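Shown here: my_file_17.cif, mmCIF, C-alpha atoms.
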```cif
data_upload
loop_
_atom_site.label_atom_id
_atom_site.label_comp_id
_atom_site.auth_asym_id
_atom_site.auth_seq_id
_atom_site.Cartn_x
_atom_site.Cartn_y
_atom_site.Cartn_z
CA MET A 447 78.72 51.19 89.50
CA LEU A 448 81.74 51.54 91.76
CA ALA A 449 83.91 51.55 88.66
CA ILE A 450 81.98 54.45 87.14
CA ILE A 451 82.37 56.57 90.26
CA SER A 452 86.11 55.88 90.35
CA ILE A 453 86.38 57.23 86.82
CA VAL A 454 84.20 60.29 87.47
CA LEU A 455 86.13 61.11 90.62
CA PHE A 456 89.32 61.09 88.61
CA LEU A 457 87.90 63.19 85.79
CA VAL A 458 86.69 65.87 88.19
CA PRO A 459 89.82 67.30 89.79
CA ASN A 460 89.81 68.92 93.22
CA GLU A 461 90.26 72.37 91.67
CA THR A 462 86.85 72.08 90.08
CA PHE A 463 85.26 71.52 93.48
CA VAL A 464 87.11 74.52 94.85
CA LYS A 465 85.98 76.63 91.94
CA TYR A 466 82.32 75.80 92.38
CA MET A 467 82.14 75.61 96.15
CA GLY A 468 84.89 77.99 97.19
CA GLU A 469 84.86 81.51 98.56
CA GLY A 470 82.31 83.82 97.03
CA SER A 471 80.45 80.99 95.36
CA GLY A 472 77.42 81.88 97.49
CA ILE A 473 74.25 79.97 96.80
CA LYS A 474 75.90 78.23 93.86
CA GLY A 475 78.36 76.59 96.24
CA TRP A 476 75.51 75.26 98.36
CA ILE A 477 73.71 73.86 95.35
CA THR A 478 76.85 72.23 93.98
CA ALA A 479 77.62 70.65 97.35
CA ALA A 480 74.07 69.39 97.78
CA VAL A 481 73.72 68.01 94.26
CA PHE A 482 77.13 66.43 94.12
CA GLY A 483 76.82 65.07 97.65
CA SER A 484 73.42 63.56 96.93
CA VAL A 485 74.41 61.90 93.72
CA ALA A 486 77.85 60.67 94.68
CA LEU A 487 78.62 57.77 96.88
CA ILE A 488 82.03 58.34 98.40
CA PRO A 489 83.33 56.43 101.39
CA GLY A 490 84.68 58.33 104.38
CA PHE A 491 88.23 57.29 103.49
CA ILE A 492 88.02 59.64 100.52
CA ALA A 493 85.34 62.11 101.60
CA TYR A 494 87.09 63.39 104.75
CA PRO A 495 90.49 63.98 103.15
CA LEU A 496 88.76 65.62 100.19
CA SER A 497 86.79 67.87 102.55
CA GLY A 498 90.01 68.75 104.35
CA ILE A 499 91.55 69.86 101.06
CA LEU A 500 88.45 71.88 100.21
CA ILE A 501 88.53 73.66 103.60
CA ASP A 502 92.19 74.54 103.08
CA ASN A 503 91.25 76.01 99.74
CA GLY A 504 88.65 78.36 101.13
CA VAL A 505 85.44 76.35 100.98
CA SER A 506 83.27 77.34 103.94
CA TYR A 507 82.45 74.96 106.77
CA SER A 508 78.73 75.31 106.02
CA VAL A 509 79.16 74.10 102.47
CA ILE A 510 81.34 71.24 103.66
CA SER A 511 78.68 70.22 106.18
CA VAL A 512 76.11 70.12 103.41
CA PHE A 513 78.50 68.11 101.28
CA ILE A 514 79.32 65.55 103.97
CA THR A 515 75.76 65.21 105.23
CA THR A 516 74.28 64.67 101.79
CA LEU A 517 77.07 62.26 100.94
CA MET A 518 76.16 60.15 103.92
CA MET A 519 72.40 60.50 104.20
CA THR A 520 71.16 60.75 100.65
CA GLY A 521 72.17 58.46 97.87
CA PHE A 522 70.54 58.71 94.50
CA LEU A 523 72.90 56.10 93.11
CA THR A 524 71.91 53.66 95.83
CA LEU A 525 68.23 54.43 95.35
CA PRO A 526 67.65 51.20 93.38
CA VAL A 527 68.91 49.25 96.41
CA GLU A 528 66.87 51.30 98.84
CA VAL A 529 63.73 50.87 96.77
CA LYS A 530 63.96 47.09 97.13
CA PHE A 531 63.59 47.51 100.88
CA PHE A 532 61.34 50.53 101.27
CA GLY A 533 59.54 50.99 97.97
CA TRP A 534 59.75 54.01 95.67
CA LYS A 535 57.63 56.43 97.59
CA VAL A 536 59.24 56.04 100.99
CA SER A 537 62.78 55.99 99.55
CA PHE A 538 62.12 59.13 97.58
CA ILE A 539 60.63 60.93 100.58
CA ARG A 540 63.47 59.84 102.84
CA ASN A 541 66.06 61.14 100.40
CA MET A 542 64.25 64.43 99.86
CA VAL A 543 63.76 65.04 103.58
CA SER A 544 67.42 64.20 104.19
CA LEU A 545 68.47 66.65 101.50
CA VAL A 546 66.48 69.46 103.11
CA ALA A 547 67.87 68.42 106.50
CA ALA A 548 71.42 68.61 105.15
CA LEU A 549 70.88 72.15 103.90
CA PHE A 550 69.44 73.05 107.29
CA ILE A 551 72.45 71.53 109.06
CA GLY A 552 74.79 73.53 106.83
CA PHE A 553 72.84 76.68 107.61
CA ILE A 554 73.12 76.13 111.38
CA MET A 555 76.82 75.25 111.10
CA GLY A 556 77.30 78.66 109.48
CA PHE A 557 76.45 80.34 112.78
CA PHE A 558 79.17 78.52 114.67
CA LEU A 559 82.07 78.30 112.24
CA MET B 886 77.67 33.74 76.25
CA LYS B 887 74.82 35.76 77.78
CA LYS B 888 76.47 35.37 81.17
CA ILE B 889 79.74 36.85 79.94
CA GLN B 890 77.92 39.76 78.34
CA LYS B 891 76.45 40.70 81.67
CA TYR B 892 79.90 41.09 83.19
CA ILE B 893 81.61 42.58 80.17
CA PHE B 894 81.93 46.08 81.63
CA PRO B 895 83.62 45.11 84.91
CA ILE B 896 85.91 42.68 83.07
CA VAL B 897 87.02 45.30 80.54
CA PHE B 898 87.40 47.81 83.38
CA LEU B 899 89.66 45.53 85.40
CA ILE B 900 91.74 44.61 82.36
CA LEU B 901 92.26 48.30 81.56
CA ILE B 902 93.28 49.01 85.17
CA GLY B 903 95.70 46.10 85.04
CA LEU B 904 97.21 47.36 81.78
CA SER B 905 97.54 50.87 83.25
CA TRP B 906 99.64 49.50 86.08
CA LEU B 907 101.70 47.48 83.68
CA PHE B 908 102.44 50.43 81.40
CA ASP B 909 102.58 53.00 84.20
CA PHE B 910 99.66 55.00 82.79
CA ALA B 911 98.93 57.62 85.48
CA ALA B 912 95.25 58.23 84.79
CA GLY B 913 94.42 54.54 84.80
CA LYS B 914 96.39 54.04 87.98
CA GLN B 915 94.54 56.83 89.77
CA ILE B 916 91.20 55.40 88.68
CA GLY B 917 92.39 52.03 89.94
CA ILE B 918 93.24 53.50 93.34
CA ASN B 919 89.82 55.16 93.55
CA PHE B 920 88.15 51.91 92.64
CA TRP B 921 90.16 50.02 95.23
CA MET B 922 89.01 52.45 97.94
CA PHE B 923 85.36 51.83 97.10
CA PHE B 924 85.88 48.15 96.74
CA LYS B 925 87.74 47.96 100.03
CA GLU B 926 84.90 49.69 101.82
CA MET B 927 82.39 47.26 100.40
CA ILE B 928 84.46 44.16 101.01
CA LEU B 929 85.38 45.26 104.55
CA PHE B 930 81.98 46.26 105.83
CA LEU B 931 79.39 44.30 103.92
CA PRO B 932 80.36 40.82 105.17
CA LEU B 933 80.72 42.23 108.69
CA MET B 934 77.22 43.66 108.47
CA PHE B 935 75.83 40.36 107.28
CA VAL B 936 77.50 38.47 110.11
CA LEU B 937 76.08 41.04 112.52
CA ILE B 938 72.63 40.67 110.99
CA GLY B 939 72.83 36.91 111.29
CA LEU B 940 73.89 37.00 114.93
CA PHE B 941 71.33 39.65 115.72
CA ASP B 942 68.63 37.56 114.11
CA VAL B 943 69.51 34.50 116.17
CA TRP B 944 70.50 36.05 119.47
CA VAL B 945 68.08 38.89 119.99
CA PRO B 946 64.51 37.73 120.53
CA ARG B 947 61.58 39.59 119.08
CA GLU B 948 60.13 40.45 122.47
CA LYS B 949 63.28 42.31 123.44
CA ILE B 950 63.23 44.45 120.30
CA GLU B 951 59.55 45.15 120.66
CA LYS B 952 59.93 46.14 124.26
CA HIS B 953 63.01 48.31 123.92
CA ILE B 954 62.75 49.94 120.50
CA GLY B 955 59.20 49.08 119.47
CA SER B 956 56.38 51.53 119.00
CA ALA B 957 55.76 51.81 122.73
CA SER B 958 59.35 52.70 123.52
CA GLY B 959 60.20 56.28 124.33
CA TRP B 960 63.43 58.22 124.55
CA LYS B 961 65.29 55.23 125.87
CA GLY B 962 64.46 53.34 122.68
CA THR B 963 65.68 56.23 120.55
CA GLY B 964 68.91 56.37 122.53
CA LEU B 965 69.43 52.63 122.14
CA VAL B 966 68.92 52.73 118.38
CA ILE B 967 71.34 55.63 118.02
CA LEU B 968 73.93 53.84 120.12
CA LEU B 969 73.51 50.68 118.05
CA ALA B 970 73.76 52.57 114.77
CA SER B 971 76.73 54.72 115.69
CA LEU B 972 78.79 51.71 116.71
CA GLN B 973 78.44 50.33 113.22
CA ALA B 974 80.23 51.67 110.22
CA GLY B 975 80.01 51.31 106.50
CA PRO B 976 78.21 52.77 103.54
CA LEU B 977 74.52 53.60 103.72
CA TYR B 978 73.48 50.66 101.56
CA SER B 979 74.82 48.20 104.12
CA ALA B 980 72.36 49.62 106.66
CA PHE B 981 69.26 48.64 104.69
CA PRO B 982 69.42 44.90 105.43
CA PHE B 983 69.91 45.69 109.11
CA ALA B 984 66.98 48.08 109.04
CA TYR B 985 64.96 45.23 107.56
CA ILE B 986 65.84 42.85 110.37
CA LEU B 987 65.02 45.52 112.98
CA TRP B 988 61.65 46.11 111.36
CA LYS B 989 60.93 42.39 111.09
CA LYS B 990 61.55 42.04 114.80
CA GLY B 991 59.13 44.76 115.75
CA CYS B 992 61.17 47.97 115.79
CA SER B 993 58.94 51.04 115.33
CA ILE B 994 58.81 53.08 112.11
CA ARG B 995 60.34 56.04 113.89
CA ASN B 996 63.27 54.02 115.17
CA VAL B 997 63.91 52.42 111.78
CA PHE B 998 64.45 55.85 110.26
CA ILE B 999 66.37 57.14 113.26
CA TYR B 1000 68.55 54.08 112.83
CA LEU B 1001 69.21 54.94 109.17
CA GLY B 1002 69.95 58.56 110.05
CA ALA B 1003 72.29 57.71 112.89
CA PHE B 1004 73.99 54.98 110.92
CA SER B 1005 74.81 57.30 108.08
CA THR B 1006 75.85 60.40 109.99
CA ILE B 1007 77.31 59.26 113.29
CA LYS B 1008 79.97 56.61 113.07
CA ILE B 1009 82.10 56.20 116.12
CA PRO B 1010 84.67 54.10 114.21
CA MET B 1011 85.03 56.92 111.69
CA ILE B 1012 85.00 59.91 114.04
CA THR B 1013 88.76 59.93 114.69
CA PHE B 1014 89.22 60.05 110.95
CA GLU B 1015 86.88 63.01 110.64
CA ILE B 1016 88.60 64.85 113.52
CA GLY B 1017 91.95 64.23 111.86
CA PHE B 1018 90.94 65.94 108.65
CA LEU B 1019 88.36 68.50 109.71
CA GLY B 1020 89.13 69.25 113.33
CA LEU B 1021 87.50 68.45 116.64
CA LYS B 1022 85.25 71.50 116.67
CA PHE B 1023 83.75 70.79 113.28
CA SER B 1024 83.21 67.11 114.00
CA LEU B 1025 81.58 67.70 117.37
CA LEU B 1026 79.36 70.49 116.09
CA ARG B 1027 78.29 68.49 113.06
CA THR B 1028 77.42 65.50 115.21
CA LEU B 1029 75.52 67.58 117.76
CA ILE B 1030 73.54 69.48 115.14
CA THR B 1031 72.80 66.40 113.06
CA LEU B 1032 71.55 64.38 116.04
CA PRO B 1033 68.27 66.27 116.67
CA VAL B 1034 67.72 66.67 112.93
CA PHE B 1035 67.50 62.96 112.14
CA ILE B 1036 65.50 62.26 115.28
CA LEU B 1037 63.04 64.79 113.89
CA ILE B 1038 63.13 62.98 110.53
CA GLY B 1039 62.23 59.77 112.38
CA TYR B 1040 59.21 61.46 113.94
CA LEU B 1041 58.24 63.00 110.61
CA MET B 1042 58.39 59.68 108.79
CA GLU B 1043 56.39 58.01 111.54
CA TRP B 1044 53.77 60.70 111.43
CA TYR B 1045 53.52 60.41 107.66
CA LEU B 1046 53.60 56.60 107.39
CA LYS B 1047 51.51 55.75 110.43
CA ASP B 1048 48.31 54.89 108.57
CA LYS B 1049 49.85 53.91 105.25
CA ASP B 1050 50.61 50.21 105.87
CA PHE B 1051 54.33 50.83 105.58
CA ASP B 1052 56.47 47.74 105.26
CA VAL B 1053 60.16 47.00 104.86
CA LYS B 1054 60.41 44.25 102.28
CA GLN B 1055 63.00 41.57 101.92
CA PRO B 1056 64.53 42.05 98.48
#
```
Once you've parsed the file, please lay out its structure as structure tokens.
Amino acid sequence: MLAIISIVLFLVPNETFVKYMGEGSGIKGWITAAVFGSVALIPGFIAYPLSGILIDNGVSYSVISVFITTLMMTGFLTLPVEVKFFGWKVSFIRNMVSLVAALFIGFIMGFFL
Amino acid sequence: MKKIQKYIFPIVFLILIGLSWLFDFAAGKQIGINFWMFFKEMILFLPLMFVLIGLFDVWVPREKIEKHIGSASGWKGTGLVILLASLQAGPLYSAFPFAYILWKKGCSIRNVFIYLGAFSTIKIPMITFEIGFLGLKFSLLRTLITLPVFILIGYLMEWYLKDKDFDVKQP
């Protein structure tokens, strides 16, 4: 699983992120950040530098907050592990609630930055 | 033979990475670096978490957990769980076994989910890293805004799971 993510991360260059989440991407940027953040499982060592690059390239702080929060709180790739502890229903609810929470956090961040 | 088949993908993957380094193939090398980052995170934090879980299991008695972060605990319990979670670092999946041990020892539903939320979003060992790349203002704001949100999630989950014989299983 870790191997697959390493390959995907290479195949999707930073410019693609900027294109979909950058300035003027509007609601599309939010959706991309939320979906990608939820699916992917990227450690902080990579996620923070990547976010730094995205900010420098005009991605808004709100979108980055959504991206980082979903990266950390929701994990659809780790769902199989989570299910072993919490069962399908609870895991699913936790991930969904976290996803909504991440969007909310991004929204609030927008007022400050 | 069956055993080898199960591991065929990782073996092929590692061989390809090795060959990429040998022949200086840029794409393969980059993928290798990415993989190493993930692998490093796992290998660094997972054993540490398991040691922590073991010590926690032996050293912290059930009564203490029940009293301080059990269902009767209030804000102090919430604060304690958040402190505990934010001192730890690592990927989300390494938090599940710890959540299990907390639950087994009588931690409340609310605090189990607050623990997961705090573990994933507030990591004191990682905060300097975040500040370095995204700035102090962003990091502080994100932490402060996220804090009440996952506490609310804890309450929500508790409210929803209260009468549903919720259980954290040992896998």
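Here the PyMOL selection byres ((chain A and resi 535-544) around 9) catches exactly these residues: A:Ser484, A:Thr515, A:Thr516, A:Met519, A:Thr520, A:Gly521, A:Phe522, A:Leu525, A:Glu528, A:Val529, A:Phe531, A:Phe532, A:Gly533, A:Trp534, A:Leu545, A:Val546, A:Ala547, A:Ala548, A:Leu549, B:Phe998, B:Gly1002, B:Phe1035, B:Ile1038, B:Met1042, B:Leu1046, B:Phe1051.
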Once the PyMOL selection byres ((chain A and resi 468) around 9) has been applied to the shown file, what residues remain in the selection, as a ChimeraX atom specification?
/A:463-467,469-472,475,500-501,503-506,509
Would you work out the distance separating atom CA of Leu929 of chain B from atom CA of Leu1029 of chain B, expressed in Å to one decimal?
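One can read the atom CA of Leu929 of chain B to atom CA of Leu1029 of chain B distance as 27.7 Å.
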Can you measure atom CA of Arg995 of chain B to atom CA of Gln1055 of chain B for me? One decimal in Å is fine.
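A separation of 19.0 Å between them.
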Please, which residues of chain B lie no more than 7 Å from chain A when the count uses all atoms listed in the file, and can they be set out as a VMD selection string?
chain B and resid 915 to 916 919 to 920 923 926 976 to 978 981 1002 1005 to 1006 1015 1018 to 1019 1030 to 1031 1034 1052 to 1056
Which residues are near segment 957-968 of chain B? Cut-off 9 Å, all atoms listed in the file, ignore same chain within fewer than 3 positions. Put them as a list in words.
Glu951, Lys952, His953, Ile954, Ser971, Leu972, Gln973, Ser993, Arg995, Asn996, Val997, Ile999, Tyr1000, Gly1002, Ala1003, Phe1004, Ile1007, Leu1032 and Ile1036 of chain B
A straight line from atom CA of Asp1050 of chain B to atom CA of Ile986 of chain B spans 17.5 Å
Quick one: which segment 913-969 of chain B residues come within 9 Å of segment 892-907 of chain B, and what is the nearest atom pair for each with the distance in Å to one decimal, counting only C-alpha atoms, rows ordered by chain and ascending number, as a Markdown table?
```
| residue | atom | partner | partner_atom | distance |
| --- | --- | --- | --- | --- |
| B:Gly913 | CA | B:Ser905 | CA | 5.1 |
| B:Lys914 | CA | B:Ser905 | CA | 5.8 |
| B:Ile916 | CA | B:Ile902 | CA | 7.6 |
| B:Gly917 | CA | B:Ile902 | CA | 5.7 |
```
Taking (61.6, 42.7, 109.8) as a centre in this file's frame and 10 Å as the limit, can you find every polymer residue with an atom that close, using all atoms listed in the file, and give them as a list in words?
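Residues satisfying the cut-off, written out: Asp942, Arg947, Pro982, Phe983, Ala984, Tyr985, Ile986, Leu987, Trp988, Lys989, Lys990, Gly991, Cys992, Asp1052, Val1053, Lys1054 and Gln1055 of chain B.
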Write the residues you've just listed into a file as a PDB file, in the coordinates of the input, and include C-alpha atoms for each of them.
```
ATOM      1  CA  ASP B 942      68.630  37.560 114.110  1.00  0.00           C
ATOM      2  CA  ARG B 947      61.580  39.590 119.080  1.00  0.00           C
ATOM      3  CA  PRO B 982      69.420  44.900 105.430  1.00  0.00           C
ATOM      4  CA  PHE B 983      69.910  45.690 109.110  1.00  0.00           C
ATOM      5  CA  ALA B 984      66.980  48.080 109.040  1.00  0.00           C
ATOM      6  CA  TYR B 985      64.960  45.230 107.560  1.00  0.00           C
ATOM      7  CA  ILE B 986      65.840  42.850 110.370  1.00  0.00           C
ATOM      8  CA  LEU B 987      65.020  45.520 112.980  1.00  0.00           C
ATOM      9  CA  TRP B 988      61.650  46.110 111.360  1.00  0.00           C
ATOM     10  CA  LYS B 989      60.930  42.390 111.090  1.00  0.00           C
ATOM     11  CA  LYS B 990      61.550  42.040 114.800  1.00  0.00           C
ATOM     12  CA  GLY B 991      59.130  44.760 115.750  1.00  0.00           C
ATOM     13  CA  CYS B 992      61.170  47.970 115.790  1.00  0.00           C
ATOM     14  CA  ASP B1052      56.470  47.740 105.260  1.00  0.00           C
ATOM     15  CA  VAL B1053      60.160  47.000 104.860  1.00  0.00           C
ATOM     16  CA  LYS B1054      60.410  44.250 102.280  1.00  0.00           C
ATOM     17  CA  GLN B1055      63.000  41.570 101.920  1.00  0.00           C
TER      18      GLN B1055
END
```
Could you check which of A:Val485, A:Trp476, A:Phe553, A:Glu461 is closest to Leu523 of chain A, using only C-alpha atoms?
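Looking only at the distances to Leu523 of chain A, the closest residue turns out to be A:Val485.
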